[in-house]
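In what follows, a single structure is set out as structure tokens and then discussed.
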Amino acid sequence: MTKYVFVTGGVVSGLGKGITAASLGRLLKARGLNIAAQKLDPYINLDPGTMSPYQHGEVFVTEDGAETDLDLGHYERFIDINLNKFSNLTTGKVYWNVLTNERAGKYGGETVQVIPHITDEIKRFIYSVGKKTSADVVITEIGGTTGDIECQPFLESIRQISHEVGRENCVFIHVTLIPYISSSKELKTKPTQHSVKELQSYGIMPDIIVARCDSPLDESSRKKIALFCNVTEECVVENRTLPILYEAPVMLEENGLARIVCRKLGLKCDNIDLSGWMNMLEKIKNCSKKVKIALVGKYVKLEDAYLSVVQALYHGGYENGADVSIEWVNSENINEKNIAKKLAGCSGVIMPGGFGDRGIEGMITAAKYCRENNIPYFGICLGMQIAVIEYARHVLGWRDANSSEFDEQSTHPVIDLMPDQKGNILTGGTMRLGAYPCVVRKDSTLWEVYGEEIIAERHRHRFEVNNDFRDEMEKAGLKIIGVSPSKELVEAVEIPQNDFYVGVQYHPEFKSRPNRAHPLFKKFIEASIKRQENRK
């Protein structure tokens with residue numbers, strides 16, 4: 001029978017429920033179990049696809065094209081699995097499905113209510129991921145904070161599941177904050193006590209308390225939490241802030257988290273193989289080089305807006321024995337006069353995706369500077385389109401070259417909408433989403449990196465390189481090195497004269513792993529290190 005682990009949070013948001021769930025997934029997988037992971041988000045949006053990155057961070061895209069919460073990126077990177085549309089559910093989706101069923105008469109005239117109709121829909125979704133993947137254990141993270149009004153239907157649903165599958169097949173983990181008061185030099189457990197009391201009021205008795213703290217949890221605090229939260233001292237698991245994110249599974253293993261979960265679920269999994277993970281950590285700790293990369297974007301005020309890109313840069317560094325530091329450069333503040341100063345000390349520039357015309361001219365300036373000074377440049381999605389616009393303006397001389405997203409009056413819209421995207425199309429869920437194939441040109445950086453003619457990468461965009469201008473740009477030296485199988489869509493470009501100047505329409509960062517860096521990021525960091533050494 002499939003086992004269920006539910007991870008809830010208390011006191012404040014942003015405690016690392018996702019990292020806790022992802023780490024547990026890694027530890028259980030290392031014990032030979034088949035793991036499925038999912039995130040339930042209480043916001044009413046159908047998905048985070050239309051939400052501002054400043055509010056929600058990046059939108060993570062799965063292989064099957066679901067726009068999801070960024071925690072799914074943690075799940076994929078830690079557990080090393082590919083998730084799908086059954087891995088993320090929002091309040092909006094729940095009500096959408098229930099109302100659609102009501103309009104279709106599927107409830108037979110019943111009064112539609114939160115209980116049982118909304119909770120039944122949530123439970124159906126939780127059960128479905130286990131069935132689709134034949135998982136031994138389904139780890140479900142409940143977004144938000146216990147006590148939030150939006151969380152109540154989700155908490156009621158998992159309470160019901162615990163009765164339906166039996167408590168022997170279900171574990172509740174509650175992640176709470178243990179604040180440190182510097183004036184009295186002590187950890188405070190009262191917020192955790194109140195949070196657990198709130199959770200208990202919904203009929204959920206947590207089995208394990210994961211204590212999120214910046215300093216070691218003393219024995220007195222552990223005993224107090226155990227006493228007031230109705231768990232054994234062993235089940236109060238310390239989760240300290242660590243210098244390396246990927247040390248979290250090891251720390252939680254040392255504190256017995258997975259062992260306790262297996263015991264409570266009746267799983268006999270004493271043997272664990274973390275050798276690959278430990279080797280990766282050893283590689284990280286032994287990085288002898290340092291390289292600084294400029295991340296030029298429009299959402300740099302919130303680093304989570306580029307979470308997967310940042311992690312993929314680190315992964316590329318690990319593969320090259322280098323510690324990557326990131327210089328966050330706001331594209332709105334870039335101009336021809338200050339660009340040299342903005343990028344001073346950086347050995348490579350990465351330009352991630354984004355939407356809207358804010359900061360675009362600064363991005364174009366940065367792309368031009370990299371091209372003219374042979375600075376390794378890696379453009380992703382919008383970053384590739386910026387490279388095309390810049391080349392059209394300053395090499396072909398089309399001064400008004402632009403994307404029709406930014407200037408509908410341009411006489412050289414080198415980036416334009418796909419034909420089937422023109423007209424009155426809804427904003428959400430209508431882009432080119434998920435994995436699509438790409439044919440790689442052999443005499444190219446892409447071929448050197450992948451070594452394959454056909455690759456598949458995840459997409460999230462609406463605009464494409466305009467085919468009306470492709471031939472002229474290629475003749476002028478902008479090499480098209482990746483196209484769709486039909487050859488109608490440009491997937492990747494490069495400037496072969498430069499050491500590394502590559503733009504890709506897709507998002508390779510979503511498939512990078514800490515123990516298996518995406519080859520494009522590995523190559524980009526390698527080129528950046530080489531430039532740094534040459535400068536010295």
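Chains: A, B, ... in order of the structure tokens. Residues: from 1 per chain. Ligands: from 1, in order shown.
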Could I get the residues of region 88-153 of chain A with an atom no further than 10 Å from an atom of region 162-175 of chain A, each paired with its nearest atom pair and that distance in Å to one decimal, using only C-alpha atoms, sorted by chain and residue number, as CSV?
residue,atom,partner,partner_atom,distance
A:Val137,CA,A:Asn169,CA,9.4
A:Val138,CA,A:Cys170,CA,9.7
A:Ile139,CA,A:Val171,CA,9.5
A:Thr140,CA,A:Phe172,CA,9.8
A:Glu141,CA,A:Ile173,CA,9.4
A:Thr145,CA,A:Val175,CA,9.7
A:Thr146,CA,A:His174,CA,9.4
Would you export the selected residues with C-alpha atoms as a CSV table (one decimal), in the first residue's frame, please?
chain,number,residue,atom,x,y,z
A,137,VAL,CA,5.8,6.9,-0.6
A,138,VAL,CA,4.0,10.1,-1.6
A,139,ILE,CA,5.4,13.2,0.0
A,140,THR,CA,3.0,16.1,0.0
A,141,GLU,CA,3.9,19.6,1.1
A,145,THR,CA,1.3,28.6,7.2
A,146,THR,CA,-1.0,26.7,9.6
Excluding Leu520 (chain A) and its own-chain neighbours fewer than 3 positions away, which residues fall within 7 Å of it when counting only C-alpha atoms? Please give them as a PyMOL selection string. chain A and resi 449+523-524
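For Thr241 (chain A), the residues within 8 Å (counting only C-alpha atoms, excluding itself and residues fewer than 2 positions away along the chain) are Arg212, Cys213, Asp214, Ser215, Asn239 and Pro243 of chain A.
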Once DSSP has gone over the backbone, tell me which residues of region 122-305 of chain A are in strand (DSSP E), as number ranges by chain. A: 137-142, 170-177, 180-181, 186-187, 208-213, 236-240, 289-297
